[in-house]
file data-v1.txt (compact mmCIF, C-alpha atoms and all ligand atoms)
# COMPACT_ATOMS: atom_id res chain seq x y z
CA MET A 7 37.79 8.03 -33.96
CA SER A 8 34.95 5.58 -33.77
CA LYS A 9 32.21 6.11 -31.21
CA PRO A 10 32.00 3.56 -28.44
CA THR A 11 29.15 1.18 -29.11
CA LEU A 12 26.33 1.33 -26.60
CA SER A 13 24.15 -1.54 -25.58
CA LYS A 14 20.43 -1.26 -26.38
CA LYS A 15 19.71 -0.43 -22.76
CA GLN A 16 22.42 2.24 -22.61
CA ARG A 17 21.08 3.80 -25.79
CA ARG A 18 17.53 3.75 -24.41
CA ASP A 19 18.73 5.38 -21.18
CA GLN A 20 20.66 7.99 -23.16
CA VAL A 21 17.59 8.91 -25.21
CA ARG A 22 15.43 9.09 -22.11
CA ARG A 23 17.96 11.30 -20.34
CA GLN A 24 18.16 13.62 -23.33
CA GLN A 25 14.39 13.81 -23.55
CA ALA A 26 14.07 14.52 -19.84
CA ASP A 27 17.12 16.79 -19.85
CA VAL A 28 18.76 14.66 -17.19
CA SER A 29 22.51 15.16 -17.04
CA ASP A 30 24.87 12.19 -17.10
CA THR A 31 25.81 12.76 -13.47
CA ALA A 32 22.20 12.36 -12.30
CA GLN A 33 21.67 9.38 -10.05
CA ARG A 34 18.88 7.03 -9.34
CA GLY A 35 17.09 7.68 -6.05
CA LEU A 36 14.23 6.60 -3.83
CA LEU A 37 11.93 9.16 -2.24
CA ILE A 38 11.99 8.70 1.53
CA ALA A 39 9.87 11.66 2.59
CA HIS A 40 8.43 14.75 1.00
CA TYR A 41 8.24 18.10 2.78
CA GLY A 42 6.58 20.84 0.75
CA SER A 43 9.16 21.98 -1.75
CA ARG A 44 11.82 19.51 -0.68
CA ALA A 45 12.32 15.79 -0.51
CA GLU A 46 14.60 13.42 1.31
CA VAL A 47 16.09 11.12 -1.30
CA GLU A 48 18.22 8.01 -0.89
CA ASP A 49 20.73 6.93 -3.53
CA THR A 50 21.46 3.31 -4.38
CA GLN A 51 24.25 3.28 -1.73
CA LYS A 52 21.67 4.33 0.90
CA GLN A 53 23.14 7.83 1.25
CA ARG A 54 20.57 10.52 1.98
CA PHE A 55 20.20 13.85 0.17
CA LEU A 56 17.89 16.74 0.93
CA CYS A 57 16.70 17.74 -2.51
CA GLN A 58 14.93 20.63 -4.14
CA LEU A 59 12.45 19.62 -6.79
CA ARG A 60 12.55 20.69 -10.40
CA GLN A 61 9.27 22.25 -11.47
CA ASN A 62 6.54 20.30 -13.21
CA LEU A 63 7.42 16.96 -11.70
CA GLY A 64 3.83 16.53 -10.55
CA ASN A 65 3.09 14.92 -7.22
CA LEU A 66 6.03 13.04 -5.76
CA VAL A 67 5.30 10.52 -3.02
CA CYS A 68 7.13 8.09 -0.75
CA GLY A 69 8.37 5.09 -2.64
CA ASP A 70 8.78 7.01 -5.90
CA GLN A 71 11.85 6.10 -7.94
CA LEU A 72 13.53 9.13 -9.47
CA HIS A 73 16.61 10.70 -10.96
CA PHE A 74 18.33 13.42 -8.98
CA GLN A 75 21.40 15.55 -9.41
CA PRO A 76 23.59 15.40 -6.29
CA LEU A 77 24.94 18.78 -5.16
CA ALA A 78 27.22 19.89 -2.34
CA ALA A 79 26.81 18.77 1.26
CA ASN A 80 24.26 16.04 0.70
CA THR A 81 21.83 18.27 -1.11
CA GLY A 82 20.50 17.74 -4.59
CA LEU A 83 17.89 18.46 -7.21
CA VAL A 84 15.23 15.97 -8.26
CA VAL A 85 14.98 16.13 -12.04
CA GLU A 86 12.74 13.28 -13.05
CA ARG A 87 10.25 10.84 -11.62
CA LEU A 88 10.44 7.34 -13.06
CA PRO A 89 7.29 5.43 -14.00
CA ARG A 90 5.35 3.93 -11.08
CA ARG A 91 4.29 0.31 -10.71
CA ASN A 92 1.31 1.45 -8.67
CA VAL A 93 0.17 4.34 -6.55
CA LEU A 94 -1.92 4.50 -3.39
CA LEU A 95 -4.52 7.26 -3.58
CA ARG A 96 -6.36 9.00 -0.79
CA PRO A 97 -9.61 10.89 -1.26
CA ASP A 98 -9.30 14.45 0.10
CA ALA A 99 -12.05 16.57 1.66
CA GLN A 100 -13.23 17.71 -1.80
CA GLY A 101 -13.56 14.12 -2.97
CA LYS A 102 -10.51 14.47 -5.24
CA THR A 103 -7.83 11.84 -4.98
CA LYS A 104 -4.28 12.55 -3.94
CA PRO A 105 -1.38 10.13 -4.27
CA ILE A 106 0.27 9.20 -0.95
CA ALA A 107 2.63 6.31 -1.67
CA ALA A 108 3.97 4.50 -4.71
CA ASN A 109 5.53 1.19 -5.73
CA ILE A 110 4.04 -0.88 -2.93
CA ASP A 111 4.25 -4.68 -2.92
CA GLN A 112 1.87 -5.61 -0.16
CA VAL A 113 -0.93 -4.29 2.05
CA ILE A 114 -0.99 -5.65 5.59
CA VAL A 115 -4.54 -5.50 6.95
CA VAL A 116 -4.60 -5.70 10.75
CA LEU A 117 -7.68 -7.01 12.59
CA ALA A 118 -8.25 -7.77 16.25
CA PRO A 119 -10.96 -9.24 18.44
CA GLN A 120 -11.06 -5.80 20.10
CA PRO A 121 -12.31 -3.57 18.50
CA THR A 122 -14.60 -6.16 16.92
CA ILE A 123 -13.76 -7.28 13.41
CA ASN A 124 -15.47 -5.21 10.76
CA PRO A 125 -15.78 -7.50 7.71
CA VAL A 126 -16.88 -4.67 5.41
CA LEU A 127 -13.77 -2.67 6.25
CA LEU A 128 -11.58 -5.74 5.76
CA ASP A 129 -13.17 -6.38 2.37
CA SER A 130 -12.75 -2.78 1.30
CA TYR A 131 -9.02 -3.01 2.05
CA LEU A 132 -8.87 -6.19 0.01
CA VAL A 133 -10.67 -4.43 -2.85
CA LEU A 134 -8.08 -1.68 -2.62
CA ALA A 135 -5.19 -4.14 -2.82
CA GLU A 136 -6.86 -5.99 -5.68
CA SER A 137 -7.37 -2.72 -7.58
CA LEU A 138 -3.66 -1.96 -7.21
CA GLY A 139 -2.79 -5.47 -8.31
CA ILE A 140 -0.82 -6.15 -5.14
CA ASP A 141 -0.88 -8.79 -2.42
CA ALA A 142 -2.84 -8.41 0.79
CA LEU A 143 -1.84 -10.13 3.97
CA ILE A 144 -4.35 -10.42 6.82
CA VAL A 145 -3.05 -10.20 10.38
CA LEU A 146 -5.33 -11.08 13.27
CA ASN A 147 -3.63 -9.46 16.27
CA LYS A 148 -4.35 -9.82 20.02
CA ILE A 149 -4.95 -13.56 19.89
CA ASP A 150 -3.94 -13.55 23.58
CA LEU A 151 -7.41 -12.13 24.28
CA LEU A 152 -9.29 -15.01 22.67
CA SER A 153 -11.03 -17.77 24.59
CA ALA A 154 -10.98 -21.22 23.00
CA ALA A 155 -14.51 -20.72 21.66
CA GLU A 156 -13.71 -17.27 20.25
CA ARG A 157 -10.62 -18.68 18.61
CA VAL A 158 -12.78 -21.20 16.74
CA ASP A 159 -15.13 -18.41 15.62
CA CYS A 160 -12.22 -16.34 14.34
CA GLN A 161 -10.76 -19.30 12.53
CA ARG A 162 -14.09 -19.94 10.86
CA PHE A 163 -14.32 -16.30 9.80
CA LEU A 164 -10.77 -16.28 8.44
CA ALA A 165 -11.16 -19.62 6.62
CA THR A 166 -13.19 -17.82 3.93
CA TYR A 167 -10.19 -15.62 3.21
CA GLN A 168 -7.72 -18.45 3.38
CA ASP A 169 -9.80 -20.29 0.78
CA LEU A 170 -9.57 -17.21 -1.43
CA GLY A 171 -5.80 -17.43 -1.28
CA TYR A 172 -5.06 -14.63 1.18
CA ALA A 173 -2.19 -15.21 3.58
CA ILE A 174 -3.38 -15.13 7.20
CA HIS A 175 -1.23 -14.58 10.28
CA THR A 176 -2.70 -14.88 13.77
CA VAL A 177 -0.40 -13.08 16.21
CA SER A 178 -0.08 -11.26 19.48
CA VAL A 179 2.29 -8.35 19.21
CA LYS A 180 2.06 -7.82 22.95
CA GLN A 181 3.02 -11.39 23.81
CA GLN A 182 5.22 -11.79 20.74
CA LEU A 183 3.31 -14.80 19.47
CA ASN A 184 3.81 -15.98 15.87
CA LEU A 185 5.73 -12.88 14.83
CA ALA A 186 8.59 -14.81 13.19
CA ALA A 187 6.37 -16.23 10.45
CA LEU A 188 4.94 -12.79 9.82
CA THR A 189 8.31 -11.09 9.55
CA GLN A 190 9.41 -13.69 7.02
CA ALA A 191 6.52 -12.66 4.79
CA LEU A 192 7.86 -9.09 4.64
CA ALA A 193 11.33 -9.77 3.29
CA GLN A 194 12.36 -7.91 0.12
CA ARG A 195 9.00 -6.20 -0.05
CA VAL A 196 7.56 -2.74 0.49
CA GLN A 197 4.45 -2.76 2.63
CA VAL A 198 1.83 -0.50 4.13
CA VAL A 199 -0.09 -1.35 7.30
CA VAL A 200 -3.80 -0.51 7.45
CA GLY A 201 -6.70 -1.24 9.77
CA GLN A 202 -9.16 0.38 12.12
CA SER A 203 -8.04 2.35 15.11
CA GLY A 204 -7.07 0.29 18.16
CA VAL A 205 -6.27 -3.02 16.45
CA GLY A 206 -2.55 -2.67 17.18
CA LYS A 207 -1.05 -1.14 14.03
CA SER A 208 1.36 1.15 15.92
CA SER A 209 2.42 -1.73 18.14
CA LEU A 210 3.01 -3.93 15.11
CA ILE A 211 4.92 -1.25 13.21
CA ASN A 212 7.14 -0.60 16.21
CA ALA A 213 7.92 -4.32 16.32
CA LEU A 214 8.64 -4.45 12.60
CA ILE A 215 10.62 -1.22 12.44
CA PRO A 216 12.29 -0.98 15.85
CA ASP A 217 13.66 2.51 15.19
CA HIS A 218 10.32 3.77 13.89
CA ASP A 219 9.97 6.11 16.86
CA ILE A 220 13.30 7.73 16.05
CA ARG A 221 11.66 9.17 13.02
CA VAL A 222 13.72 12.28 12.46
CA GLY A 223 16.96 11.64 10.62
CA PRO A 224 19.99 13.96 10.93
CA LEU A 225 19.23 15.54 7.57
CA THR A 226 15.79 16.70 8.44
CA LYS A 227 16.71 17.98 11.90
CA THR A 228 18.92 20.66 10.42
CA SER A 229 16.23 22.13 8.23
CA ASN A 230 13.13 23.89 9.45
CA LYS A 231 11.13 22.97 6.42
CA GLY A 232 12.32 19.43 6.70
CA ARG A 233 11.03 18.89 10.19
CA HIS A 234 9.06 15.72 10.47
CA THR A 235 5.39 16.14 11.19
CA THR A 236 3.24 13.23 12.20
CA THR A 237 1.18 13.55 9.04
CA THR A 238 4.12 13.17 6.68
CA ALA A 239 4.44 9.77 5.10
CA ARG A 240 7.86 8.19 5.40
CA TYR A 241 9.70 5.23 3.88
CA TYR A 242 11.45 2.94 6.41
CA HIS A 243 14.00 0.21 5.81
CA GLY A 244 13.28 -2.35 8.49
CA PRO A 245 15.29 -5.40 9.47
CA TYR A 246 12.57 -7.62 7.98
CA GLY A 247 11.35 -5.58 5.04
CA ASP A 248 10.46 -2.04 4.03
CA LEU A 249 7.45 -0.03 5.10
CA ILE A 250 5.79 3.20 4.06
CA ASP A 251 3.85 4.69 6.94
CA SER A 252 1.76 7.71 7.87
CA PRO A 253 -1.41 8.18 9.91
CA GLY A 254 -3.26 8.79 6.63
CA ILE A 255 -2.10 5.47 5.22
CA ARG A 256 -2.91 3.53 8.39
CA GLU A 257 -6.55 4.51 8.29
CA LEU A 258 -6.96 4.73 4.58
CA LYS A 259 -10.47 4.70 3.10
CA LEU A 260 -11.51 3.24 -0.20
CA GLY A 261 -11.69 6.04 -2.78
CA GLN A 262 -14.39 6.56 -5.39
CA MET A 263 -14.99 3.41 -7.37
CA ASN A 264 -17.83 2.15 -9.47
CA MET A 265 -19.67 -1.12 -8.93
CA GLN A 266 -17.70 -2.85 -11.67
CA HIS A 267 -14.41 -2.01 -10.02
CA ILE A 268 -15.68 -3.19 -6.66
CA ALA A 269 -16.88 -6.48 -8.15
CA GLN A 270 -13.43 -6.93 -9.68
CA GLY A 271 -11.96 -6.31 -6.23
CA PHE A 272 -13.72 -9.40 -4.86
CA ARG A 273 -11.45 -12.16 -6.15
CA GLU A 274 -14.09 -14.83 -6.36
CA PHE A 275 -16.41 -12.52 -8.36
CA GLN A 276 -13.87 -11.91 -11.12
CA SER A 277 -14.51 -15.02 -13.18
CA VAL A 278 -18.27 -14.97 -12.50
CA VAL A 279 -19.28 -11.37 -13.09
CA ASP A 280 -18.91 -11.55 -16.88
CA GLN A 281 -21.54 -14.24 -16.98
CA CYS A 282 -24.39 -12.03 -15.77
CA ARG A 283 -27.01 -11.65 -18.52
CA PHE A 284 -27.06 -7.85 -18.36
CA ARG A 285 -23.99 -5.69 -18.60
CA ASP A 286 -25.43 -3.24 -16.07
CA CYS A 287 -26.49 -6.02 -13.69
CA LYS A 288 -26.77 -4.76 -10.12
CA HIS A 289 -26.20 -8.29 -8.81
CA THR A 290 -29.35 -8.19 -6.68
CA GLN A 291 -32.74 -9.04 -8.16
CA ASP A 292 -31.61 -9.02 -11.78
CA ARG A 293 -32.61 -11.89 -13.99
CA ASP A 294 -29.81 -14.39 -14.68
CA CYS A 295 -27.34 -12.78 -12.33
CA ALA A 296 -24.29 -15.03 -12.15
CA ILE A 297 -23.19 -13.55 -8.82
CA VAL A 298 -26.52 -14.34 -7.15
CA ALA A 299 -26.42 -17.82 -8.72
CA ALA A 300 -22.92 -18.36 -7.28
CA LEU A 301 -24.17 -17.15 -3.90
CA GLN A 302 -27.02 -19.66 -4.02
CA ALA A 303 -24.64 -22.40 -5.12
CA GLY A 304 -22.36 -21.56 -2.20
CA THR A 305 -19.29 -20.65 -4.29
CA ILE A 306 -19.59 -17.05 -3.08
CA SER A 307 -19.98 -16.74 0.68
CA ALA A 308 -22.95 -14.89 2.17
CA GLN A 309 -20.56 -12.79 4.22
CA ARG A 310 -18.56 -11.62 1.21
CA TYR A 311 -21.71 -10.96 -0.81
CA ASP A 312 -23.09 -8.92 2.08
CA SER A 313 -19.87 -6.84 2.17
CA PHE A 314 -20.09 -6.31 -1.56
CA ARG A 315 -23.64 -4.99 -1.26
CA LYS A 316 -22.71 -2.71 1.65
CA ILE A 317 -19.68 -1.26 -0.13
CA CYS A 318 -21.81 -0.65 -3.25
CA GLU A 319 -24.59 0.97 -1.22
CA LYS A 320 -22.14 3.61 -0.05
CA LEU A 321 -21.37 4.68 -3.63
P1 LIG A 401 -3.57 1.27 16.52
O1 LIG A 401 -4.58 2.32 16.89
O2 LIG A 401 -4.10 0.33 15.51
O3 LIG A 401 -2.24 1.85 16.12
O4 LIG A 401 -3.33 0.38 17.84
P2 LIG A 401 -2.20 0.47 18.96
O5 LIG A 401 -0.93 -0.15 18.50
O6 LIG A 401 -2.15 1.86 19.48
O7 LIG A 401 -2.82 -0.52 20.05
C1 LIG A 401 -4.07 -0.30 20.66
C2 LIG A 401 -4.08 -0.99 22.01
O8 LIG A 401 -4.01 -2.40 21.82
C3 LIG A 401 -2.90 -0.61 22.88
O9 LIG A 401 -3.36 -0.46 24.20
C4 LIG A 401 -1.96 -1.78 22.76
O10 LIG A 401 -1.14 -1.96 23.89
C5 LIG A 401 -2.95 -2.92 22.61
N1 LIG A 401 -2.36 -4.08 21.92
C6 LIG A 401 -1.57 -4.10 20.82
N2 LIG A 401 -1.23 -5.36 20.49
C7 LIG A 401 -1.82 -6.17 21.41
C8 LIG A 401 -1.84 -7.58 21.60
O11 LIG A 401 -1.23 -8.39 20.88
N3 LIG A 401 -2.59 -8.04 22.65
C9 LIG A 401 -3.27 -7.21 23.49
N4 LIG A 401 -3.95 -7.75 24.49
N5 LIG A 401 -3.25 -5.88 23.34
C10 LIG A 401 -2.54 -5.35 22.31
ZN ZN A 402 -25.15 -9.91 -11.71

call {"tool": "encode", "arguments": {"input": "data-v1.txt", "output": "structure tokens", "more": "lines below"}}
Ligand code: GDP
Ligand code: ZN
result
Amino acid sequence: MSKPTLSKKQRRDQVRRQQADVSDTAQRGLLIAHYGSRAEVEDTQKQRFLCQLRQNLGNLVCGDQLHFQPLAANTGLVVERLPRRNVLLRPDAQGKTKPIAANIDQVIVVLAPQPTINPVLLDSYLVLAESLGIDALIVLNKIDLLSAAERVDCQRFLATYQDLGYAIHTVSVKQQLNLAALTQALAQRVQVVVGQSGVGKSSLINALIPDHDIRVGPLTKTSNKGRHTTTTARYYHGPYGDLIDSPGIRELKLGQMNMQHIAQGFREFQSVVDQCRFRDCKHTQDRDCAIVAALQAGTISAQRYDSFRKICEKL
């Protein structure tokens, strides 16, 4: 009897399964939340399974794509993590980095007139997004608090970012101003929301994911280990787009980076930085520094250059 012929893709999958010792009944899944030795996994039909984890899978995080073996009563065993497009890292107390979310499409940076806009923090979030190779969307919330003059100031500040190609949304979550345009920008994408405390991240997330407060699904309620804690990151399917959220993600800090990486994280520096005379140029007093020349020529803004210096000084 002749063997059925497999397509190239089927053959590739078969080899990968054999190599990873994944049985043919394993299914593709998405990691929704991770609790110690277990994970809540969603299959492609959006059914949830509370899974044990095979050993040596490494760190699994929200947004990870994986293969799991479904077992009785909506339980299962995660057998393999699939390659990640990107991973969000968080520095821990020892300065080591820990992954917290994977396969993100977009970082939403929330600002507000109160607390006052911190340009260095904004730029460090943009560096983070740039280093992950993903889009950043800037949301100025609480526009209901702005006087006409303050509005002009904010617009001037944000124009720099608009010119750099960042999408800007000026909204009021409280008064539901301009939210429709923002929600349209989330469709078919996985996002994280970041920003300093008090800018309105929780308010925005509750508007984007209306059932966000009903965090604990039926699966996790039945298991002690699976109980949701406020520090656990979780993947949400919202009516407008998907979101991975945790307190740690919301107030994420830029991890360890060197000056070169930071310069690459400033979009407008990318094509300039290679033209500095010295490879180890500090972009300050150095002779023939292309960044300083661009600053003097006005193609790099003083505000962005100032942020760059401040982020580098913290290294
Ligand atoms: P978070 O710390 O970034 O999560 O911010 P919260 O969502 O907790 O909001 C901080 C405060 O700002 C709360 O008192 C909110 O009611 C308020 N707030 C949120 N959005 C708006 C807005 O659009 N306008 C005004 N005036 N206040 C807002
Ligand atoms: Zn330089």

call {"tool": "residues_around", "arguments": {"input": "data-v1.txt", "residues": "A:Gly204", "least_positions_apart": "2", "cutoff": "7 Å", "atoms": "all atoms listed in the file", "output": "compact mmCIF listing (two decimals) with C-alpha atoms, keeping the file's coordinate frame"}}
result
# COMPACT_ATOMS: atom_id res chain seq x y z
CA PRO A 121 -12.31 -3.57 18.50
CA GLN A 202 -9.16 0.38 12.12
CA GLY A 206 -2.55 -2.67 17.18

call {"tool": "closest_residue", "arguments": {"input": "data-v1.txt", "among": "A:Arg91, A:Lys104, A:Lys52, A:Leu210", "to": "A:Leu183", "atoms": "only C-alpha atoms"}}
result
A:Leu210

call {"tool": "residues_near_point", "arguments": {"input": "data-v1.txt", "point": "(20.5, 10.9, 0.9)", "cutoff": "10 Å", "atoms": "all atoms listed in the file", "output": "count of residues only"}}
result
22

call {"tool": "closest_atom_pairs", "arguments": {"input": "data-v1.txt", "of": "chain A", "to": "ligand ZN 402 (chain A)", "cutoff": "8 Å", "atoms": "all atoms listed in the file", "output": "JSON lines"}}
result
{"residue": "A:Val279", "atom": "CA", "partner": "A:ZN402", "partner_atom": "ZN", "distance": 6.2}
{"residue": "A:Gln281", "atom": "CA", "partner": "A:ZN402", "partner_atom": "ZN", "distance": 7.7}
{"residue": "A:Cys282", "atom": "CA", "partner": "A:ZN402", "partner_atom": "ZN", "distance": 4.6}
{"residue": "A:Arg283", "atom": "CA", "partner": "A:ZN402", "partner_atom": "ZN", "distance": 7.3}
{"residue": "A:Phe284", "atom": "CA", "partner": "A:ZN402", "partner_atom": "ZN", "distance": 7.2}
{"residue": "A:Asp286", "atom": "CA", "partner": "A:ZN402", "partner_atom": "ZN", "distance": 8.0}
{"residue": "A:Cys287", "atom": "CA", "partner": "A:ZN402", "partner_atom": "ZN", "distance": 4.6}
{"residue": "A:Lys288", "atom": "CA", "partner": "A:ZN402", "partner_atom": "ZN", "distance": 5.6}
{"residue": "A:His289", "atom": "CA", "partner": "A:ZN402", "partner_atom": "ZN", "distance": 3.5}
{"residue": "A:Thr290", "atom": "CA", "partner": "A:ZN402", "partner_atom": "ZN", "distance": 6.8}
{"residue": "A:Asp292", "atom": "CA", "partner": "A:ZN402", "partner_atom": "ZN", "distance": 6.5}
{"residue": "A:Asp294", "atom": "CA", "partner": "A:ZN402", "partner_atom": "ZN", "distance": 7.1}
{"residue": "A:Cys295", "atom": "CA", "partner": "A:ZN402", "partner_atom": "ZN", "distance": 3.7}
{"residue": "A:Ala296", "atom": "CA", "partner": "A:ZN402", "partner_atom": "ZN", "distance": 5.2}
{"residue": "A:Ile297", "atom": "CA", "partner": "A:ZN402", "partner_atom": "ZN", "distance": 5.0}
{"residue": "A:Val298", "atom": "CA", "partner": "A:ZN402", "partner_atom": "ZN", "distance": 6.5}

call {"tool": "residues_near_ligand", "arguments": {"input": "data-v1.txt", "ligand": "ligand LIG 401 (chain A)", "cutoff": "7 Å", "atoms": "all atoms listed in the file", "output": "PDB file with C-alpha atoms, in the coordinates of the input"}}
result
ATOM      1  CA  ASN A 147      -3.630  -9.460  16.270  1.00  0.00           C
ATOM      2  CA  LYS A 148      -4.350  -9.820  20.020  1.00  0.00           C
ATOM      3  CA  ILE A 149      -4.950 -13.560  19.890  1.00  0.00           C
ATOM      4  CA  ASP A 150      -3.940 -13.550  23.580  1.00  0.00           C
ATOM      5  CA  LEU A 151      -7.410 -12.130  24.280  1.00  0.00           C
ATOM      6  CA  VAL A 177      -0.400 -13.080  16.210  1.00  0.00           C
ATOM      7  CA  SER A 178      -0.080 -11.260  19.480  1.00  0.00           C
ATOM      8  CA  VAL A 179       2.290  -8.350  19.210  1.00  0.00           C
ATOM      9  CA  LYS A 180       2.060  -7.820  22.950  1.00  0.00           C
ATOM     10  CA  GLN A 181       3.020 -11.390  23.810  1.00  0.00           C
ATOM     11  CA  GLY A 201      -6.700  -1.240   9.770  1.00  0.00           C
ATOM     12  CA  GLN A 202      -9.160   0.380  12.120  1.00  0.00           C
ATOM     13  CA  SER A 203      -8.040   2.350  15.110  1.00  0.00           C
ATOM     14  CA  GLY A 204      -7.070   0.290  18.160  1.00  0.00           C
ATOM     15  CA  VAL A 205      -6.270  -3.020  16.450  1.00  0.00           C
ATOM     16  CA  GLY A 206      -2.550  -2.670  17.180  1.00  0.00           C
ATOM     17  CA  LYS A 207      -1.050  -1.140  14.030  1.00  0.00           C
ATOM     18  CA  SER A 208       1.360   1.150  15.920  1.00  0.00           C
ATOM     19  CA  SER A 209       2.420  -1.730  18.140  1.00  0.00           C
ATOM     20  CA  LEU A 210       3.010  -3.930  15.110  1.00  0.00           C
TER      21      LEU A 210
END

call {"tool": "atom_distance", "arguments": {"input": "data-v1.txt", "atom1": "atom CA of A:Gln190", "atom2": "atom CA of A:Thr166"}}
result
23.2 Å

call {"tool": "residues_around", "arguments": {"input": "data-v1.txt", "residues": "A:Arg60", "least_positions_apart": "5", "cutoff": "8 Å", "atoms": "all atoms listed in the file", "output": "list in words"}}
result
Leu83, Val84, Val85 and Glu86 of chain A

call {"tool": "atom_distance", "arguments": {"input": "data-v1.txt", "atom1": "atom CA of A:Val199", "atom2": "atom CA of A:Ala308"}}
result
27.1 Å

call {"tool": "residues_around", "arguments": {"input": "data-v1.txt", "residues": "A:Gly69", "least_positions_apart": "5", "cutoff": "6 Å", "atoms": "only C-alpha atoms", "output": "list in words"}}
result
Leu37, Ala107, Ala108 and Asn109 of chain A

call {"tool": "atom_distance", "arguments": {"input": "data-v1.txt", "atom1": "atom CA of A:Asp248", "atom2": "atom CA of A:Gln270"}}
result
28.0 Å

call {"tool": "closest_atom_pairs", "arguments": {"input": "data-v1.txt", "of": "stretch 137-219 of chain A", "to": "stretch 309-315 of chain A", "cutoff": "12 Å", "atoms": "all atoms listed in the file", "output": "JSON lines"}}
result
{"residue": "A:Arg162", "atom": "CA", "partner": "A:Gln309", "partner_atom": "CA", "distance": 11.7}
{"residue": "A:Phe163", "atom": "CA", "partner": "A:Gln309", "partner_atom": "CA", "distance": 9.1}
{"residue": "A:Leu164", "atom": "CA", "partner": "A:Gln309", "partner_atom": "CA", "distance": 11.2}
{"residue": "A:Ala165", "atom": "CA", "partner": "A:Gln309", "partner_atom": "CA", "distance": 11.9}
{"residue": "A:Thr166", "atom": "CA", "partner": "A:Arg310", "partner_atom": "CA", "distance": 8.6}
{"residue": "A:Tyr167", "atom": "CA", "partner": "A:Arg310", "partner_atom": "CA", "distance": 9.5}
{"residue": "A:Leu170", "atom": "CA", "partner": "A:Arg310", "partner_atom": "CA", "distance": 10.9}

call {"tool": "axis_aligned_box", "arguments": {"input": "data-v1.txt", "around": "stretch 151-156 of chain A", "padding_each_side": "3 Å", "output": "JSON"}}
result
{"center_x": -11.0, "center_y": -16.7, "center_z": 22.4, "size_x": 13.1, "size_y": 15.1, "size_z": 10.3}

call {"tool": "closest_residue", "arguments": {"input": "data-v1.txt", "among": "A:Ile268, A:Met263, A:Val133, A:Leu249", "to": "A:Asn212", "atoms": "all atoms listed in the file"}}
result
A:Leu249

call {"tool": "closest_residue", "arguments": {"input": "data-v1.txt", "among": "A:Ala239, A:Leu63, A:Ala300, A:Ala39", "to": "A:Leu94", "atoms": "only C-alpha atoms"}}
result
A:Ala239

call {"tool": "closest_residue", "arguments": {"input": "data-v1.txt", "among": "A:Val278, A:Ala155, A:Leu258, A:Leu185", "to": "A:Leu132", "atoms": "only C-alpha atoms"}}
result
A:Leu258

call {"tool": "closest_residue", "arguments": {"input": "data-v1.txt", "among": "A:Gln71, A:Ile211, A:Gln120, A:Val145", "to": "A:Ala187", "atoms": "all atoms listed in the file"}}
result
A:Val145
